[in-house]
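Student: A single structure is presented below for examination.
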Amino acid sequence: MVSYKELGLVNSREIFKKAITGQYAVPAFNFNDMEQLQAIVQACVEESSPVILQVSSGARKYANQTLLRYMAQGAVEYAKELGKNIPVVLHLDHGDTFELCKSCIEYGFSSVMIDGSHHPYNENVELTRKVVEYAHKYDVTVEGELGVLAGIEDEVVAEHHTYTQPEEVEDFVSKTGVDSLAISIGTSHGANKFKPDQCTRDANGVLVPPPLRFDILEEVERRIPGFPIVLHGASSVSPKYVEIINTNGGKLKDAIGIPEEQLRRAAKSAVCKINIDSDGRLAMTAAIRQTFNEHPEWFDPRQYLGPAREWLKELYKHKVVSVLGSAGKA
Ligand code: G3H
Ligand code: 13P
Ligand code: ZN
């Protein structure tokens with residue numbers, strides 16, 4: 001058993017409290033490799049933002065959980081070396097079993113998500129309560145989920161949203177003891193969040209996705225005032241990256257994300273954690289494809305991973321400064 005406290009990590013309790021009072025959201029960036037982690041740390045140190053390093057079970061399989069733990073510890077030390085001791089959380093994204101959450105806690109994670117949203121309500125409550133009981137013994141914070149996002153959550157694919165039912169949140173929060181709650185208000189995972197026929201077109205013919213259900217968010221806030229809310233599936237899917245990918249040999253179709261304006265509005269509410277993975281994947285792929293096209297003679301991975309890291313850093317800085325509002329809050 002390794003305590004996250006020995007690694008210099010923090011749980012999410014204090015940073016969420018500050019985010020709610022300060023009306024901003026803390027970024028939760030997924031990572032799988034060193035370049036992504038370097039970009040996240042550099043961006044958050046330079047902008048003085050707290051950060052949640054998010055690891056999916058797929059990332060855990062890909063990168064190895066022991067390595068990930070030392071990488072997170074390395075991130076804390078690297079941030080200090082860069083001149084700023086920012087709060088760093090190591091969080092399990094979409095944990096689906098008690099055993100997985102327990103194992104992550106034993107490996108030094110400071111926060112876990114138990115995603116029981118695909119189970120019937122009572123099973124979700126029971127599973128989440130069990131994880132909370134274990135996690136709180138070690139002062140690890142727990143995120144639960146009510147409502148199902150459309151799209152892919154690891155191996156689980158949901159065709160349609162099941163919006164969170166606000167009538168359930170008080171009961172869920174009090175029975176489980178969770179520290180934060182992910183809700184479904186129309187976001188979804190991946191780079192294809194909406195089909196073109198779900199969208200309208202603006203005056204320039206650009207597709208405009210259906211707005212998020214802020215009415216549900218407001219009703220949730222009314223029922224559990226000041227409780228930390230989490231938004232998954234919150235990538236914006238910038239047309240800039242999609243175009244670079246497609247003009248350099250890629251074949252992305254109908255890539256549509258959440259407009260930044262709506263994320264800004266969410267960040268000012270009780271939403272205090274915003275999950276971003278796909279935007280990073282797009283920025284990285286765009287940089288690598290463009291570099292390959294411009295320099296077909298290059299074969300040293302540093303020649304294409306270096307630009308990918310720079311593009312990622314620029315993206316993360318943009319998120320914390322202009323979308324989430326967490327810059328300067330570390
Ligand atoms: O919510 C899903 C995240 O984007 C993680 O994706 O399971 O492919 O690592 P992944
Ligand atoms: P995106 O696919 O929109 O980046 O969402 C990521 C996420 O919610 C990770 O849990
Ligand atoms: Zn998610």
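Every chain in the structure tokens takes a letter, A first, then B, and so on in the order presented; its residues are numbered from 1, and the ligands are numbered from 1 following the presented order.
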Return as a list in words every polymer residue, whether protein, DNA or RNA, with at least one atom no more than 8 Å from an atom of ligand 1; count only C-alpha atoms and all ligand atoms.
Tutor: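 Checking only C-alpha atoms and all ligand atoms against ligand 1 at 8 Å gives Asn30, Asn32, Val55, Ser56, Ser57, Gly58, Ala59, Asp93, His94, Ile152, Glu153, Asp154, Glu155, His189, Gly190, His232, Gly233, Ile276, Asp277 and Ser278 of chain A.
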Student: Write out as a list in words each polymer residue whose atoms come within 9 Å of segment 77-87 of chain A, counting only C-alpha atoms; drop sequence neighbours fewer than 5 positions from it.
Tutor: Gly8, Leu9, Val10, Asn11, Ile15, Gln38, Val41, Gln42, Cys44, Val45, Glu46, Ser48, Ser49, Pro50, Val51, Ile52, Ala72 and Ala330 of chain A
Student: Can you pull out every residue within 7 Å of segment 110-119 of chain A, counting only C-alpha atoms, but drop anything in the same chain fewer than 2 positions away, and send it as a ChimeraX atom specification?
Tutor: /A:4,9-12,89-96,101,105,108,121,123-124,127-128,140-148
Student: Next, the residues of the selection above should be written as a short mmCIF file (atom, residue, chain, number, x, y, z; two decimals), in the first residue's frame with N, CA, C and O atoms.
Tutor:
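Final file, selection_32.cif:
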```cif
data_model
loop_
_atom_site.label_atom_id
_atom_site.label_comp_id
_atom_site.auth_asym_id
_atom_site.auth_seq_id
_atom_site.Cartn_x
_atom_site.Cartn_y
_atom_site.Cartn_z
N TYR A 4 -1.04 8.16 -1.38
CA TYR A 4 -0.80 9.25 -2.34
C TYR A 4 -0.11 10.43 -1.67
O TYR A 4 0.59 11.21 -2.30
N LEU A 9 0.84 14.01 -3.81
CA LEU A 9 -0.45 14.28 -4.48
C LEU A 9 -1.48 14.77 -3.46
O LEU A 9 -1.28 14.61 -2.25
N VAL A 10 -2.58 15.32 -3.95
CA VAL A 10 -3.68 15.73 -3.06
C VAL A 10 -4.96 15.07 -3.55
O VAL A 10 -5.06 14.70 -4.73
N ASN A 11 -5.96 14.95 -2.65
CA ASN A 11 -7.27 14.50 -3.12
C ASN A 11 -8.03 15.73 -3.67
O ASN A 11 -7.48 16.84 -3.69
N SER A 12 -9.26 15.53 -4.10
CA SER A 12 -9.93 16.63 -4.81
C SER A 12 -10.75 17.55 -3.90
O SER A 12 -11.30 18.54 -4.36
N VAL A 89 -3.79 16.02 -8.57
CA VAL A 89 -4.61 14.87 -8.18
C VAL A 89 -4.34 13.74 -9.18
O VAL A 89 -4.26 13.99 -10.38
N LEU A 90 -4.21 12.51 -8.69
CA LEU A 90 -4.13 11.37 -9.60
C LEU A 90 -5.45 10.61 -9.48
O LEU A 90 -5.78 10.09 -8.41
N HIS A 91 -6.21 10.60 -10.59
CA HIS A 91 -7.62 10.16 -10.53
C HIS A 91 -7.86 9.00 -11.49
O HIS A 91 -7.45 9.03 -12.65
N LEU A 92 -8.57 7.99 -10.99
CA LEU A 92 -9.01 6.89 -11.87
C LEU A 92 -10.28 7.33 -12.58
O LEU A 92 -11.27 7.68 -11.94
N ASP A 93 -10.24 7.26 -13.91
CA ASP A 93 -11.39 7.67 -14.74
C ASP A 93 -12.23 6.44 -15.07
O ASP A 93 -11.70 5.42 -15.54
N HIS A 94 -13.52 6.51 -14.82
CA HIS A 94 -14.45 5.41 -15.16
C HIS A 94 -14.06 4.05 -14.59
O HIS A 94 -14.06 3.04 -15.31
N GLY A 95 -13.71 4.03 -13.31
CA GLY A 95 -13.54 2.74 -12.65
C GLY A 95 -14.86 1.98 -12.71
O GLY A 95 -15.91 2.58 -12.48
N ASP A 96 -14.81 0.71 -13.04
CA ASP A 96 -16.09 -0.01 -13.18
C ASP A 96 -16.31 -1.10 -12.14
O ASP A 96 -17.39 -1.67 -12.08
N CYS A 101 -10.99 -0.01 -8.24
CA CYS A 101 -10.83 1.20 -7.41
C CYS A 101 -9.89 0.91 -6.24
O CYS A 101 -8.99 1.70 -5.93
N ILE A 105 -6.29 2.70 -5.39
CA ILE A 105 -6.03 3.37 -4.10
C ILE A 105 -4.75 2.80 -3.48
O ILE A 105 -3.90 3.54 -2.98
N GLY A 108 -1.58 4.29 -5.01
CA GLY A 108 -1.24 5.69 -4.81
C GLY A 108 -2.15 6.70 -5.49
O GLY A 108 -1.81 7.88 -5.56
N TYR A 121 -30.41 1.68 -10.68
CA TYR A 121 -30.14 2.68 -9.63
C TYR A 121 -29.63 2.06 -8.32
O TYR A 121 -28.60 2.46 -7.78
N GLU A 123 -28.28 -0.78 -7.63
CA GLU A 123 -26.94 -1.40 -7.74
C GLU A 123 -25.86 -0.34 -7.82
O GLU A 123 -24.77 -0.49 -7.25
N ASN A 124 -26.16 0.75 -8.52
CA ASN A 124 -25.22 1.87 -8.59
C ASN A 124 -24.97 2.41 -7.18
O ASN A 124 -23.82 2.61 -6.76
N LEU A 127 -22.82 -0.22 -5.13
CA LEU A 127 -21.42 -0.28 -5.58
C LEU A 127 -20.67 0.99 -5.18
O LEU A 127 -19.55 0.95 -4.67
N THR A 128 -21.31 2.13 -5.40
CA THR A 128 -20.66 3.41 -5.10
C THR A 128 -20.41 3.54 -3.59
O THR A 128 -19.33 3.95 -3.15
N VAL A 140 -9.12 9.15 0.37
CA VAL A 140 -9.19 9.24 -1.09
C VAL A 140 -10.61 9.67 -1.45
O VAL A 140 -11.58 9.16 -0.87
N THR A 141 -10.74 10.62 -2.37
CA THR A 141 -12.07 11.13 -2.74
C THR A 141 -12.68 10.29 -3.87
O THR A 141 -11.95 9.69 -4.68
N VAL A 142 -14.01 10.29 -3.92
CA VAL A 142 -14.71 9.43 -4.88
C VAL A 142 -15.72 10.22 -5.70
O VAL A 142 -16.50 11.01 -5.17
N GLU A 143 -15.69 9.97 -7.01
CA GLU A 143 -16.68 10.54 -7.94
C GLU A 143 -17.65 9.43 -8.36
O GLU A 143 -17.22 8.34 -8.73
N GLY A 144 -18.93 9.72 -8.27
CA GLY A 144 -19.94 8.77 -8.76
C GLY A 144 -20.60 9.34 -10.01
O GLY A 144 -20.31 10.46 -10.42
N GLU A 145 -21.47 8.56 -10.64
CA GLU A 145 -22.15 9.06 -11.85
C GLU A 145 -23.62 8.63 -11.85
O GLU A 145 -23.95 7.49 -11.55
N LEU A 146 -24.46 9.59 -12.24
CA LEU A 146 -25.89 9.32 -12.44
C LEU A 146 -26.28 9.79 -13.82
O LEU A 146 -26.01 10.95 -14.18
N GLY A 147 -26.89 8.92 -14.59
CA GLY A 147 -27.21 9.27 -15.98
C GLY A 147 -26.13 8.70 -16.88
O GLY A 147 -24.99 8.52 -16.44
N VAL A 148 -26.47 8.42 -18.11
CA VAL A 148 -25.51 7.77 -19.03
C VAL A 148 -25.23 8.70 -20.21
O VAL A 148 -26.16 9.23 -20.83
#
```
Student: Which residues come within 8 Å of segment 261-264 of chain A, counting only C-alpha atoms, excluding same-chain residues fewer than 5 positions away, as a compact mmCIF listing (two decimals) with N, CA and C atoms, in the first residue's frame?
Tutor:
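Output file around20.txt follows:
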```txt
# COMPACT_ATOMS: atom_id res chain seq x y z
N PRO A 211 -28.05 22.47 -27.74
CA PRO A 211 -27.47 22.98 -26.50
C PRO A 211 -27.52 21.97 -25.37
N LEU A 212 -26.59 22.12 -24.44
CA LEU A 212 -26.60 21.25 -23.25
C LEU A 212 -27.84 21.56 -22.42
N ALA A 234 -16.35 16.47 -22.45
CA ALA A 234 -16.41 17.92 -22.60
C ALA A 234 -15.37 18.48 -23.57
N VAL A 323 -11.27 28.78 -21.11
CA VAL A 323 -12.51 27.99 -21.04
C VAL A 323 -12.88 27.68 -19.59
N LEU A 324 -11.93 27.10 -18.84
CA LEU A 324 -12.27 26.65 -17.48
C LEU A 324 -12.11 27.73 -16.42
N GLY A 325 -11.21 28.68 -16.70
CA GLY A 325 -10.99 29.77 -15.74
C GLY A 325 -10.16 29.37 -14.55
```
Student: Which of segment 136-308 of chain A counts as helix (DSSP H, G or I) under DSSP, as number ranges by chain please?
Tutor: A: 136-137, 166-176, 196-198, 214-223, 239-247, 260-267, 278-294, 301-308
Student: So that I can check the surroundings of segment 285-289 of chain A, please list as JSON, numbers by chain every protein, DNA and RNA residue that reaches within 6 Å of it, counting only C-alpha atoms and ignoring chain neighbours fewer than 5 positions away.
Tutor: {"A": [241, 244, 245, 248, 304, 308]}
Student: Hey, which of A:Thr291, A:Gln23, A:Thr187, A:Gln198 ends up closest to ligand 3? Count only C-alpha atoms and all ligand atoms.
Tutor: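 Checking each of A:Thr291, A:Gln23, A:Thr187, A:Gln198 against ligand 3, counting only C-alpha atoms and all ligand atoms, the winner is A:Thr187.
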Student: Would you please work out which residue, of A:Cys104, A:Met34, A:Leu305, A:Ile274, is nearest to ligand 3 when using only C-alpha atoms and all ligand atoms?
Tutor: A:Ile274
